[in-house]
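For reference, entry.cif is printed below; it contains mmCIF, C-alpha atoms and all ligand atoms.
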data_my_file
#
loop_
_atom_site.label_atom_id
_atom_site.label_comp_id
_atom_site.auth_asym_id
_atom_site.auth_seq_id
_atom_site.Cartn_x
_atom_site.Cartn_y
_atom_site.Cartn_z
CA MET A 1 17.12 0.11 -8.02
CA ARG A 2 15.70 -2.38 -5.55
CA GLU A 3 13.67 -5.55 -5.81
CA LEU A 4 12.04 -8.05 -3.49
CA TRP A 5 13.59 -11.48 -3.62
CA PHE A 6 12.44 -14.81 -2.22
CA SER A 7 15.98 -16.17 -2.03
CA GLY A 8 14.98 -19.56 -0.61
CA ILE A 9 12.19 -21.29 1.31
CA GLY A 10 10.93 -18.78 3.89
CA ALA A 11 13.59 -16.17 3.04
CA VAL A 12 12.50 -12.63 2.03
CA GLU A 13 15.17 -10.11 1.03
CA VAL A 14 15.36 -6.67 -0.56
CA ARG A 15 18.33 -6.46 -2.93
CA GLU A 16 19.96 -3.93 -5.26
CA VAL A 17 19.75 -4.84 -8.96
CA GLU A 18 20.41 -3.25 -12.35
CA PRO A 19 17.41 -1.45 -13.89
CA PRO A 20 15.79 -2.96 -17.00
CA GLY A 21 16.57 -1.57 -20.46
CA PRO A 22 14.19 0.68 -22.43
CA PRO A 23 10.75 -0.74 -23.38
CA GLY A 24 10.55 -2.67 -26.64
CA THR A 25 7.67 -2.54 -29.14
CA GLY A 26 4.37 -2.97 -27.33
CA GLU A 27 6.05 -2.75 -23.93
CA VAL A 28 5.85 -0.21 -21.12
CA LEU A 29 8.41 0.66 -18.46
CA LEU A 30 6.58 0.97 -15.14
CA ALA A 31 7.40 2.19 -11.65
CA PRO A 32 5.34 -0.04 -9.30
CA THR A 33 3.78 1.82 -6.37
CA HIS A 34 2.01 -1.00 -4.49
CA VAL A 35 2.35 -4.78 -4.39
CA GLY A 36 -0.21 -7.03 -2.71
CA VAL A 37 0.76 -9.94 -0.47
CA CYS A 38 -1.27 -12.95 -1.57
CA GLY A 39 -1.91 -16.45 -0.21
CA SER A 40 -0.31 -17.86 -3.34
CA ASP A 41 2.87 -15.85 -2.55
CA LEU A 42 2.92 -17.47 0.88
CA SER A 43 2.47 -20.97 -0.52
CA LEU A 44 5.34 -20.26 -2.94
CA LEU A 45 7.55 -18.74 -0.22
CA HIS A 46 7.03 -21.68 2.12
CA GLY A 47 7.49 -24.39 -0.52
CA HIS A 48 3.83 -25.47 -0.72
CA HIS A 49 3.04 -24.17 -4.21
CA PRO A 50 2.15 -27.02 -6.61
CA TRP A 51 4.45 -25.80 -9.44
CA ILE A 52 7.00 -23.20 -8.34
CA ARG A 53 9.78 -23.04 -5.72
CA PRO A 54 12.02 -20.12 -4.68
CA PRO A 55 14.23 -18.39 -5.69
CA VAL A 56 11.86 -15.97 -7.40
CA VAL A 57 11.08 -12.25 -7.54
CA PRO A 58 7.47 -12.07 -6.23
CA GLY A 59 4.77 -9.55 -7.09
CA HIS A 60 1.66 -10.24 -9.19
CA GLU A 61 -0.83 -7.85 -7.53
CA VAL A 62 0.69 -4.60 -8.70
CA THR A 63 -0.27 -1.02 -9.39
CA ALA A 64 2.23 1.25 -11.11
CA THR A 65 2.93 4.55 -12.83
CA VAL A 66 3.96 4.61 -16.49
CA VAL A 67 7.56 5.82 -16.87
CA GLU A 68 8.18 5.25 -20.59
CA THR A 69 6.30 3.61 -23.47
CA GLY A 70 7.83 1.61 -26.32
CA ASP A 71 6.75 1.84 -29.96
CA ASP A 72 3.17 0.93 -30.80
CA VAL A 73 1.69 1.88 -27.40
CA PRO A 74 -0.71 4.66 -28.45
CA ALA A 75 -3.10 4.52 -25.47
CA LEU A 76 -0.66 5.17 -22.60
CA ARG A 77 1.69 7.97 -21.70
CA ARG A 78 4.14 8.87 -18.95
CA GLY A 79 2.39 9.40 -15.60
CA ASP A 80 -0.65 7.20 -16.33
CA ARG A 81 -1.64 4.93 -13.42
CA VAL A 82 -2.28 1.27 -14.19
CA LEU A 83 -3.04 -2.12 -12.66
CA LEU A 84 -1.05 -4.99 -14.16
CA ASN A 85 -2.64 -8.15 -15.46
CA PRO A 86 0.14 -10.53 -14.36
CA LEU A 87 -0.94 -13.41 -16.61
CA VAL A 88 1.14 -13.31 -19.81
CA HIS A 89 -0.69 -15.64 -22.22
CA CYS A 90 0.60 -17.03 -25.55
CA GLY A 91 -2.28 -15.88 -27.76
CA THR A 92 -2.03 -18.87 -30.13
CA CYS A 93 -3.05 -22.02 -28.21
CA ARG A 94 -6.58 -23.47 -28.30
CA ALA A 95 -7.55 -21.87 -24.97
CA CYS A 96 -6.28 -18.45 -26.09
CA LEU A 97 -8.01 -18.74 -29.49
CA ARG A 98 -11.24 -19.35 -27.60
CA GLY A 99 -10.68 -16.20 -25.54
CA ARG A 100 -9.88 -18.18 -22.38
CA PHE A 101 -6.53 -16.48 -21.85
CA ASN A 102 -6.42 -17.42 -18.17
CA ALA A 103 -6.52 -21.11 -19.17
CA CYS A 104 -3.55 -20.76 -21.57
CA GLU A 105 -1.33 -23.76 -20.84
CA SER A 106 1.87 -21.89 -21.65
CA ALA A 107 0.85 -18.78 -19.74
CA LYS A 108 3.55 -17.35 -17.51
CA VAL A 109 2.34 -15.45 -14.48
CA ILE A 110 4.76 -12.81 -13.23
CA GLY A 111 5.92 -13.55 -9.70
CA PHE A 112 5.76 -17.29 -10.44
CA ARG A 113 7.07 -18.61 -13.78
CA ARG A 114 8.44 -15.15 -14.64
CA PRO A 115 10.08 -12.61 -12.34
CA GLY A 116 7.45 -10.54 -10.54
CA ALA A 117 6.96 -6.80 -10.39
CA ALA A 118 7.99 -6.14 -6.77
CA ARG A 119 10.84 -3.94 -7.99
CA SER A 120 11.51 -0.24 -8.56
CA LEU A 121 11.12 -0.57 -12.34
CA VAL A 122 9.63 -3.31 -14.47
CA LEU A 123 8.78 -3.92 -18.14
CA HIS A 124 5.30 -5.23 -18.94
CA PRO A 125 3.27 -5.73 -22.16
CA ALA A 126 1.00 -2.72 -22.78
CA HIS A 127 -2.00 -4.94 -23.64
CA LEU A 128 -1.86 -6.35 -20.10
CA LEU A 129 -2.32 -2.99 -18.36
CA HIS A 130 -5.63 -1.67 -17.04
CA ARG A 131 -6.08 2.02 -16.42
CA ILE A 132 -6.99 2.93 -12.82
CA PRO A 133 -10.18 5.05 -12.54
CA PRO A 134 -9.32 8.71 -11.74
CA ASP A 135 -10.79 8.81 -8.23
CA VAL A 136 -9.29 5.48 -7.06
CA GLY A 137 -5.91 5.47 -5.28
CA ASN A 138 -3.18 3.04 -6.32
CA ASP A 139 -3.45 1.22 -2.97
CA LEU A 140 -7.15 0.39 -3.32
CA ALA A 141 -6.70 -0.31 -7.04
CA CYS A 142 -4.19 -3.02 -6.09
CA LEU A 143 -7.06 -4.86 -4.38
CA ALA A 144 -8.83 -5.06 -7.74
CA GLU A 145 -6.45 -7.94 -8.55
CA PRO A 146 -7.80 -10.35 -5.92
CA LEU A 147 -11.25 -8.85 -6.53
CA ALA A 148 -10.93 -9.87 -10.20
CA CYS A 149 -10.32 -13.46 -8.98
CA GLY A 150 -13.64 -13.12 -7.14
CA PHE A 151 -15.48 -11.81 -10.19
CA HIS A 152 -14.11 -14.64 -12.31
CA ALA A 153 -14.94 -17.32 -9.72
CA ALA A 154 -18.50 -15.95 -9.49
CA SER A 155 -18.80 -16.33 -13.27
CA ARG A 156 -17.82 -20.03 -13.11
CA ALA A 157 -21.08 -21.01 -11.37
CA THR A 158 -24.43 -20.65 -13.10
CA ASP A 159 -26.91 -20.65 -10.21
CA LEU A 160 -26.11 -18.02 -7.56
CA GLU A 161 -29.41 -18.28 -5.67
CA ASP A 162 -27.82 -19.68 -2.50
CA CYS A 163 -24.01 -19.68 -2.31
CA LEU A 164 -21.48 -21.10 0.12
CA VAL A 165 -18.05 -19.47 0.33
CA ILE A 166 -15.44 -21.52 2.20
CA GLY A 167 -12.69 -19.26 3.53
CA GLY A 168 -13.09 -15.62 4.58
CA GLY A 169 -9.60 -14.39 3.64
CA SER A 170 -8.87 -11.86 0.91
CA ILE A 171 -10.10 -14.14 -1.89
CA GLY A 172 -13.20 -15.36 -0.05
CA LEU A 173 -14.20 -11.81 0.88
CA SER A 174 -13.41 -10.53 -2.62
CA LEU A 175 -15.68 -13.29 -3.91
CA LEU A 176 -18.36 -12.20 -1.45
CA LEU A 177 -18.22 -8.66 -2.90
CA ALA A 178 -18.28 -10.02 -6.46
CA LEU A 179 -21.25 -12.29 -5.70
CA GLY A 180 -23.13 -9.26 -4.35
CA ALA A 181 -22.28 -7.27 -7.47
CA ARG A 182 -23.45 -10.19 -9.63
CA GLY A 183 -26.83 -10.30 -7.87
CA ALA A 184 -26.38 -13.49 -5.86
CA GLY A 185 -29.36 -14.37 -3.66
CA ARG A 186 -27.92 -15.58 -0.36
CA VAL A 187 -24.26 -15.98 0.60
CA THR A 188 -22.99 -17.98 3.60
CA VAL A 189 -19.31 -17.67 4.55
CA VAL A 190 -17.47 -20.41 6.47
CA GLU A 191 -14.40 -19.08 8.27
CA PRO A 192 -12.66 -20.08 11.53
CA THR A 193 -11.55 -16.54 12.57
CA PRO A 194 -14.35 -14.60 14.36
CA ALA A 195 -13.13 -11.18 13.13
CA LYS A 196 -13.31 -12.34 9.52
CA ARG A 197 -16.79 -13.77 10.07
CA ASP A 198 -17.88 -10.37 11.44
CA LEU A 199 -16.29 -8.61 8.47
CA SER A 200 -18.08 -10.92 6.02
CA LEU A 201 -21.42 -10.05 7.68
CA ARG A 202 -20.61 -6.32 7.42
CA LEU A 203 -19.82 -6.84 3.73
CA GLY A 204 -23.16 -8.41 2.96
CA ALA A 205 -22.97 -12.11 3.83
CA HIS A 206 -26.36 -13.41 5.02
CA ALA A 207 -24.74 -15.88 7.41
CA ALA A 208 -21.24 -16.62 8.66
CA ALA A 209 -20.25 -19.77 10.51
CA ALA A 210 -17.22 -21.44 12.02
CA PRO A 211 -16.48 -24.67 10.11
CA GLU A 212 -17.81 -26.82 12.96
CA ASP A 213 -21.08 -24.85 13.01
CA LEU A 214 -21.90 -25.03 9.32
CA ASP A 215 -24.64 -27.64 9.79
CA ARG A 216 -26.44 -25.40 12.26
CA VAL A 217 -26.76 -22.33 10.00
CA THR A 218 -27.76 -23.99 6.75
CA GLY A 219 -31.15 -25.01 5.45
CA PRO A 220 -31.39 -26.88 2.16
CA ARG A 221 -28.20 -27.57 0.27
CA PHE A 222 -26.55 -24.68 -1.61
CA THR A 223 -26.88 -24.08 -5.35
CA SER A 224 -23.16 -23.27 -5.61
CA ALA A 225 -20.15 -23.66 -3.33
CA PHE A 226 -16.81 -21.88 -3.71
CA ASP A 227 -13.80 -23.47 -2.03
CA CYS A 228 -11.26 -20.71 -1.42
CA VAL A 229 -9.16 -22.97 0.84
CA SER A 230 -8.89 -26.16 -1.25
CA ARG A 231 -7.71 -28.65 1.34
CA ALA A 232 -9.11 -32.20 1.19
CA GLY A 233 -11.56 -31.47 4.02
CA THR A 234 -12.90 -28.23 2.56
CA LEU A 235 -13.42 -29.73 -0.88
CA ALA A 236 -15.33 -32.63 0.70
CA THR A 237 -17.51 -30.09 2.55
CA ALA A 238 -18.13 -28.15 -0.66
CA LEU A 239 -19.07 -31.25 -2.66
CA ASP A 240 -21.35 -32.52 0.08
CA SER A 241 -23.10 -29.18 0.62
CA VAL A 242 -24.36 -28.42 -2.91
CA CYS A 243 -27.78 -29.56 -4.07
CA GLY A 244 -28.39 -31.91 -6.99
CA GLY A 245 -27.29 -30.13 -10.16
CA GLY A 246 -25.18 -27.74 -8.09
CA THR A 247 -21.69 -26.47 -8.88
CA VAL A 248 -18.51 -26.53 -6.80
CA VAL A 249 -15.84 -24.04 -7.83
CA VAL A 250 -12.23 -24.69 -6.75
CA VAL A 251 -10.82 -21.21 -6.15
CA GLY A 252 -7.94 -21.72 -3.67
CA VAL A 253 -4.62 -23.23 -4.79
CA PRO A 254 -4.63 -26.95 -3.80
CA GLU A 255 -1.36 -28.54 -2.69
CA GLY A 256 -1.97 -31.60 -4.86
CA PRO A 257 -4.52 -34.33 -5.73
CA GLY A 258 -7.34 -35.31 -3.40
CA PRO A 259 -10.18 -37.86 -3.23
CA LEU A 260 -13.54 -37.09 -4.87
CA PRO A 261 -17.05 -38.41 -3.97
CA LEU A 262 -17.59 -39.58 -7.55
CA ALA A 263 -20.75 -41.57 -6.78
CA ARG A 264 -22.61 -38.48 -5.49
CA MET A 265 -21.21 -36.32 -8.29
CA GLN A 266 -22.42 -38.82 -10.91
CA ARG A 267 -25.83 -39.57 -9.46
CA TYR A 268 -26.75 -35.97 -8.60
CA GLU A 269 -24.94 -34.24 -11.47
CA VAL A 270 -22.74 -32.14 -9.23
CA ASP A 271 -20.31 -30.17 -11.37
CA LEU A 272 -16.78 -29.51 -10.16
CA VAL A 273 -15.00 -26.68 -11.98
CA GLY A 274 -11.79 -24.73 -11.47
CA SER A 275 -11.35 -20.98 -11.34
CA GLY A 276 -7.84 -19.82 -12.19
CA MET A 277 -7.20 -16.10 -12.03
CA TYR A 278 -9.38 -14.08 -14.42
CA LEU A 279 -10.07 -12.57 -17.82
CA PRO A 280 -9.49 -8.90 -18.77
CA ALA A 281 -13.23 -8.22 -18.39
CA ASP A 282 -13.05 -9.44 -14.77
CA VAL A 283 -10.26 -6.92 -14.06
CA ASP A 284 -12.30 -4.08 -15.55
CA ALA A 285 -15.35 -5.18 -13.53
CA ALA A 286 -13.21 -5.24 -10.38
CA LEU A 287 -11.73 -1.78 -10.99
CA ALA A 288 -15.21 -0.40 -11.63
CA HIS A 289 -16.39 -2.00 -8.39
CA VAL A 290 -13.52 -0.38 -6.44
CA ALA A 291 -14.59 2.99 -7.87
CA ARG A 292 -18.24 2.34 -6.99
CA ARG A 293 -17.79 0.78 -3.52
CA PRO A 294 -14.43 2.02 -2.19
CA ASP A 295 -15.39 1.57 1.47
CA ASP A 296 -16.19 -2.14 0.97
CA VAL A 297 -12.83 -2.71 -0.68
CA ARG A 298 -10.96 -0.61 1.90
CA ALA A 299 -12.40 -2.89 4.60
CA LEU A 300 -10.23 -5.70 3.18
CA LEU A 301 -7.01 -3.69 3.48
CA SER A 302 -5.45 -4.53 6.85
CA ARG A 303 -2.15 -2.67 6.57
CA THR A 304 0.45 -1.21 4.19
CA TYR A 305 4.17 -1.85 4.84
CA PRO A 306 7.15 0.03 3.38
CA LEU A 307 9.41 -2.08 1.14
CA GLU A 308 12.10 -2.28 3.85
CA GLN A 309 9.61 -4.16 6.06
CA ALA A 310 8.50 -6.62 3.37
CA ALA A 311 9.64 -9.63 5.41
CA ARG A 312 7.33 -8.49 8.22
CA ALA A 313 4.46 -8.18 5.73
CA TYR A 314 4.88 -11.78 4.54
CA ALA A 315 5.10 -12.98 8.16
CA ALA A 316 1.99 -11.02 9.17
CA ALA A 317 0.08 -12.28 6.12
CA GLY A 318 0.23 -15.77 7.54
CA THR A 319 -1.68 -14.76 10.68
CA ALA A 320 -5.41 -15.14 11.18
CA GLU A 321 -6.10 -11.42 11.79
CA SER A 322 -4.86 -9.96 8.51
CA VAL A 323 -6.94 -9.93 5.34
CA LYS A 324 -5.01 -8.04 2.65
CA LEU A 325 -1.57 -6.53 3.19
CA LEU A 326 0.19 -4.24 0.75
CA ILE A 327 3.83 -3.33 0.28
CA ARG A 328 4.48 0.27 -0.73
CA MET A 329 7.29 0.31 -3.29
CA THR A 330 7.96 4.06 -3.28
CA ASP A 331 9.16 6.25 -0.42
CA ASP A 332 6.63 9.03 -1.04
CA GLY A 333 3.57 6.79 -0.55
ZN ZN B 1 -2.79 -13.15 -5.76
ZN ZN B 2 -2.25 -19.67 -24.94
#
Structure rendered as structure tokens:
Amino acid sequence: MRELWFSGIGAVEVREVEPPGPPGTGEVLLAPTHVGVCGSDLSLLHGHHPWIRPPVVPGHEVTATVVETGDDVPALRRGDRVLLNPLVHCGTCRACLRGRFNACESAKVIGFRRPGAARSLVLHPAHLLHRIPPDVGNDLACLAEPLACGFHAASRATDLEDCLVIGGGSIGLSLLLALGARGAGRVTVVEPTPAKRDLSLRLGAHAAAAPEDLDRVTGPRFTSAFDCVSRAGTLATALDSVCGGGTVVVVGVPEGPGPLPLARMQRYEVDLVGSGMYLPADVDAALAHVARRPDDVRALLSRTYPLEQAARAYAAAGTAESVKLLIRMTDDG
């Protein structure tokens, strides 16, 4: 069988490996069909990820077909189609006991601290699999993973009357869809690429601006701002652009520490919160949204590459034009 392999900084290979053994209790053997290329994969591949460096097997946005179930997996059978929750939590720490599995400090996300699922066959815990709705294809279902990040980020802010989304890539646009589904009032997207600004307007944004034009399109400060880029400059913009009592949500993966305008945050009670991946309910909400609004989600899918061309997919993902790219793991599509 084959697997994708980030063998070093910037190096993408497809290599032959031994298949995994049979599934253990509570495990499922899966044949992945589609793997999403994500901004966090790129930061890992190019050595900018805050925690992880290559070599690693990537793949955390993954849809698959069930091949074989281990003992104690009553709800799944061979041939079922599933989306993986890549975040393997411990279940016993304080965060997990409070139901905040995504904040588990010993969580291991596949494709980062654990080998990913960009391989012909992979074992995964059955309780971390979400069934794909019958009328949704595995390619679109794969986009429910970044969409779940959007649903979770939307849940981290309380007042969605007037929202700013910084970054119109796959996460920013997923967040835009989630904010619409959650009944947000107004959404403004800040994005340097004109095509992505146009796409955000087609997907329901009320305004879209280049970063240098933000002042011109906004009225009063926003009730919530979501930073899907998380560079020092974007976080400063987010913190400066929310109203008193507003919330800034850090959604993008920052490279490291940055300065904070503590005086404004203290005086005007600006809350700064993180959003890290998602909870199972966010994944279910995302899959349901894909079933309900497939055309919106399809608009985020720029292109699907066969596994042999994975290196091209990771190179193209770094360009301004592409939103979400998929890698097809099987030859039959
Ligand atoms: Zn991702
Ligand atoms: Zn835990």
Practice item. For Ala181 in chain A, please output as a count of residues only all residues within 12 Å (counting all atoms listed in the file; exclusion window: fewer than 2 positions along the same chain). Key: 27
Practice item. Kindly provide, as a PyMOL selection string, all nucleotide and amino acid residues lying within 10 Å of ligand ZN 1 (chain B), counting all atoms listed in the file. Key: chain A and resi 35-42+59-62+86+111+143+145-149+170-171+277
Review point. Taking (-2.6, 5.8, -21.0) in the file's coordinates, which residues come within 10 Å, counting all atoms listed in the file, written as a list in words?
Key: Thr65, Val66, Thr69, Val73, Pro74, Ala75, Leu76, Arg77, Arg78, Gly79, Asp80, Arg81, Val82, Ala126, Leu129, His130, Arg131 and Ile132 of chain A
With C-alpha atoms kept, could you save the residues just selected as a compact mmCIF listing (two decimals), keeping the file's coordinate frame?
# COMPACT_ATOMS: atom_id res chain seq x y z
CA THR A 65 2.93 4.55 -12.83
CA VAL A 66 3.96 4.61 -16.49
CA THR A 69 6.30 3.61 -23.47
CA VAL A 73 1.69 1.88 -27.40
CA PRO A 74 -0.71 4.66 -28.45
CA ALA A 75 -3.10 4.52 -25.47
CA LEU A 76 -0.66 5.17 -22.60
CA ARG A 77 1.69 7.97 -21.70
CA ARG A 78 4.14 8.87 -18.95
CA GLY A 79 2.39 9.40 -15.60
CA ASP A 80 -0.65 7.20 -16.33
CA ARG A 81 -1.64 4.93 -13.42
CA VAL A 82 -2.28 1.27 -14.19
CA ALA A 126 1.00 -2.72 -22.78
CA LEU A 129 -2.32 -2.99 -18.36
CA HIS A 130 -5.63 -1.67 -17.04
CA ARG A 131 -6.08 2.02 -16.42
CA ILE A 132 -6.99 2.93 -12.82
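In this structure, CA of Ala117 in chain A sits 9.3 Å away from CA of Thr63 in chain A.
CA of Arg298 in chain A sits 21.8 Å away from CA of Ala281 in chain A.
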At a cut-off of 12 Å from (-16.8, -6.9, 9.8) in the coordinates of the file, what residues are picked up using all atoms listed in the file, written as a PDB file with C-alpha atoms, in the coordinates of the input?
ATOM      1  CA  GLY A 168     -13.090 -15.620   4.580  1.00  0.00           C
ATOM      2  CA  LEU A 173     -14.200 -11.810   0.880  1.00  0.00           C
ATOM      3  CA  THR A 193     -11.550 -16.540  12.570  1.00  0.00           C
ATOM      4  CA  PRO A 194     -14.350 -14.600  14.360  1.00  0.00           C
ATOM      5  CA  ALA A 195     -13.130 -11.180  13.130  1.00  0.00           C
ATOM      6  CA  LYS A 196     -13.310 -12.340   9.520  1.00  0.00           C
ATOM      7  CA  ARG A 197     -16.790 -13.770  10.070  1.00  0.00           C
ATOM      8  CA  ASP A 198     -17.880 -10.370  11.440  1.00  0.00           C
ATOM      9  CA  LEU A 199     -16.290  -8.610   8.470  1.00  0.00           C
ATOM     10  CA  SER A 200     -18.080 -10.920   6.020  1.00  0.00           C
ATOM     11  CA  LEU A 201     -21.420 -10.050   7.680  1.00  0.00           C
ATOM     12  CA  ARG A 202     -20.610  -6.320   7.420  1.00  0.00           C
ATOM     13  CA  LEU A 203     -19.820  -6.840   3.730  1.00  0.00           C
ATOM     14  CA  GLY A 204     -23.160  -8.410   2.960  1.00  0.00           C
ATOM     15  CA  ALA A 205     -22.970 -12.110   3.830  1.00  0.00           C
ATOM     16  CA  ALA A 208     -21.240 -16.620   8.660  1.00  0.00           C
ATOM     17  CA  ASP A 295     -15.390   1.570   1.470  1.00  0.00           C
ATOM     18  CA  ASP A 296     -16.190  -2.140   0.970  1.00  0.00           C
ATOM     19  CA  VAL A 297     -12.830  -2.710  -0.680  1.00  0.00           C
ATOM     20  CA  ARG A 298     -10.960  -0.610   1.900  1.00  0.00           C
ATOM     21  CA  ALA A 299     -12.400  -2.890   4.600  1.00  0.00           C
ATOM     22  CA  LEU A 300     -10.230  -5.700   3.180  1.00  0.00           C
ATOM     23  CA  SER A 302      -5.450  -4.530   6.850  1.00  0.00           C
ATOM     24  CA  GLU A 321      -6.100 -11.420  11.790  1.00  0.00           C
ATOM     25  CA  VAL A 323      -6.940  -9.930   5.340  1.00  0.00           C
TER      26      VAL A 323
END
Exercise for review: Could the residues that lie within 10 Å of ligand ZN 2 (chain B), counting all atoms listed in the file, be listed as a count of residues only?
Suggested key: 21
Review point. Counting all atoms listed in the file, which of A:Ala238, A:Leu140, A:Val270, A:Leu260 gets nearest to Ile166 in chain A?
Key: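 Counting all atoms listed in the file, the residue closest to Ile166 in chain A is A:Ala238.
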Exercise for review: Tell me, in Å to one decimal, how far CA of Ala153 in chain A is from CA of Ser241 in chain A.
Suggested key: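 It comes out at 17.7 Å.
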Point to revise | Neighbour list for His49 in chain A as a VMD selection string, cut-off 12 Å, only C-alpha atoms, skip fewer than 3 positions in-chain | key: chain A and resid 9 39 to 46 52 to 54 112 to 113 252 to 256
**Study point:** Option closest in space to Thr330 in chain A, from A:Cys228, A:Val249, A:Leu121, A:Val242 [counting all atoms listed in the file]
**Key:** A:Leu121
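Nearest residue to Cys142 in chain A, choosing from A:Val189, A:Met1, A:Ala118, A:Ala64 and counting all atoms listed in the file: A:Ala64.
Proximity to Arg312 in chain A was assessed for A:Val283, A:Ala11, A:Val136, A:Ala209 counting all atoms listed in the file; the smallest distance is recorded for A:Ala11.
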7 Å contact set for Val187 in chain A, all atoms listed in the file, chain neighbours under 5 positions out, as a PDB file with C-alpha atoms, in the coordinates of the input:
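Once written, around-v8.pdb looks like this:
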ATOM      1  CA  ASP A 162     -27.820 -19.680  -2.500  1.00  0.00           C
ATOM      2  CA  CYS A 163     -24.010 -19.680  -2.310  1.00  0.00           C
ATOM      3  CA  LEU A 164     -21.480 -21.100   0.120  1.00  0.00           C
ATOM      4  CA  ALA A 205     -22.970 -12.110   3.830  1.00  0.00           C
ATOM      5  CA  HIS A 206     -26.360 -13.410   5.020  1.00  0.00           C
ATOM      6  CA  ALA A 207     -24.740 -15.880   7.410  1.00  0.00           C
TER       7      ALA A 207
END
Check your understanding: Which is closer to Asp213 in chain A than all the others in A:Asp227, A:Glu191, A:Asp240, A:Asp284, using all atoms listed in the file?
Key -> A:Glu191
For range 174-187 of chain A, where the input has fewer atoms than it should, I would like N, CA, C and O atoms rebuilt and written as a PDB file, keeping the file's coordinate frame.
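Writing done, so here's result.pdb:
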ATOM      1  N   SER A 174     -13.306 -11.121  -1.280  1.00  0.00           N
ATOM      2  CA  SER A 174     -13.410 -10.530  -2.620  1.00  0.00           C
ATOM      3  C   SER A 174     -14.540 -11.211  -3.389  1.00  0.00           C
ATOM      4  O   SER A 174     -15.317 -10.563  -4.096  1.00  0.00           O
ATOM      5  N   LEU A 175     -14.608 -12.538  -3.256  1.00  0.00           N
ATOM      6  CA  LEU A 175     -15.680 -13.290  -3.910  1.00  0.00           C
ATOM      7  C   LEU A 175     -17.044 -12.876  -3.366  1.00  0.00           C
ATOM      8  O   LEU A 175     -18.009 -12.727  -4.127  1.00  0.00           O
ATOM      9  N   LEU A 176     -17.111 -12.671  -2.056  1.00  0.00           N
ATOM     10  CA  LEU A 176     -18.360 -12.200  -1.450  1.00  0.00           C
ATOM     11  C   LEU A 176     -18.812 -10.887  -2.096  1.00  0.00           C
ATOM     12  O   LEU A 176     -19.986 -10.723  -2.452  1.00  0.00           O
ATOM     13  N   LEU A 177     -17.872  -9.943  -2.262  1.00  0.00           N
ATOM     14  CA  LEU A 177     -18.220  -8.660  -2.900  1.00  0.00           C
ATOM     15  C   LEU A 177     -18.657  -8.889  -4.347  1.00  0.00           C
ATOM     16  O   LEU A 177     -19.632  -8.283  -4.820  1.00  0.00           O
ATOM     17  N   ALA A 178     -17.939  -9.765  -5.050  1.00  0.00           N
ATOM     18  CA  ALA A 178     -18.280 -10.020  -6.460  1.00  0.00           C
ATOM     19  C   ALA A 178     -19.651 -10.683  -6.563  1.00  0.00           C
ATOM     20  O   ALA A 178     -20.438 -10.348  -7.454  1.00  0.00           O
ATOM     21  N   LEU A 179     -19.945 -11.628  -5.664  1.00  0.00           N
ATOM     22  CA  LEU A 179     -21.250 -12.290  -5.700  1.00  0.00           C
ATOM     23  C   LEU A 179     -22.370 -11.267  -5.474  1.00  0.00           C
ATOM     24  O   LEU A 179     -23.410 -11.317  -6.135  1.00  0.00           O
ATOM     25  N   GLY A 180     -22.141 -10.315  -4.562  1.00  0.00           N
ATOM     26  CA  GLY A 180     -23.130  -9.260  -4.350  1.00  0.00           C
ATOM     27  C   GLY A 180     -23.324  -8.431  -5.607  1.00  0.00           C
ATOM     28  O   GLY A 180     -24.453  -8.151  -6.026  1.00  0.00           O
ATOM     29  N   ALA A 181     -22.198  -8.068  -6.248  1.00  0.00           N
ATOM     30  CA  ALA A 181     -22.280  -7.270  -7.470  1.00  0.00           C
ATOM     31  C   ALA A 181     -22.970  -8.026  -8.600  1.00  0.00           C
ATOM     32  O   ALA A 181     -23.592  -7.428  -9.480  1.00  0.00           O
ATOM     33  N   ARG A 182     -22.840  -9.354  -8.583  1.00  0.00           N
ATOM     34  CA  ARG A 182     -23.450 -10.190  -9.630  1.00  0.00           C
ATOM     35  C   ARG A 182     -24.900 -10.582  -9.292  1.00  0.00           C
ATOM     36  O   ARG A 182     -25.500 -11.380  -9.988  1.00  0.00           O
ATOM     37  N   GLY A 183     -25.423 -10.061  -8.184  1.00  0.00           N
ATOM     38  CA  GLY A 183     -26.830 -10.300  -7.870  1.00  0.00           C
ATOM     39  C   GLY A 183     -27.120 -11.643  -7.227  1.00  0.00           C
ATOM     40  O   GLY A 183     -28.240 -12.164  -7.350  1.00  0.00           O
ATOM     41  N   ALA A 184     -26.138 -12.206  -6.540  1.00  0.00           N
ATOM     42  CA  ALA A 184     -26.380 -13.490  -5.860  1.00  0.00           C
ATOM     43  C   ALA A 184     -27.500 -13.337  -4.830  1.00  0.00           C
ATOM     44  O   ALA A 184     -27.658 -12.270  -4.221  1.00  0.00           O
ATOM     45  N   GLY A 185     -28.254 -14.408  -4.618  1.00  0.00           N
ATOM     46  CA  GLY A 185     -29.360 -14.370  -3.660  1.00  0.00           C
ATOM     47  C   GLY A 185     -28.849 -14.334  -2.235  1.00  0.00           C
ATOM     48  O   GLY A 185     -28.816 -13.282  -1.596  1.00  0.00           O
ATOM     49  N   ARG A 186     -28.444 -15.475  -1.719  1.00  0.00           N
ATOM     50  CA  ARG A 186     -27.920 -15.580  -0.360  1.00  0.00           C
ATOM     51  C   ARG A 186     -26.472 -16.024  -0.423  1.00  0.00           C
ATOM     52  O   ARG A 186     -26.106 -16.840  -1.277  1.00  0.00           O
ATOM     53  N   VAL A 187     -25.639 -15.506   0.507  1.00  0.00           N
ATOM     54  CA  VAL A 187     -24.260 -15.980   0.600  1.00  0.00           C
ATOM     55  C   VAL A 187     -23.957 -16.328   2.050  1.00  0.00           C
ATOM     56  O   VAL A 187     -24.200 -15.520   2.953  1.00  0.00           O
TER      57      VAL A 187
END
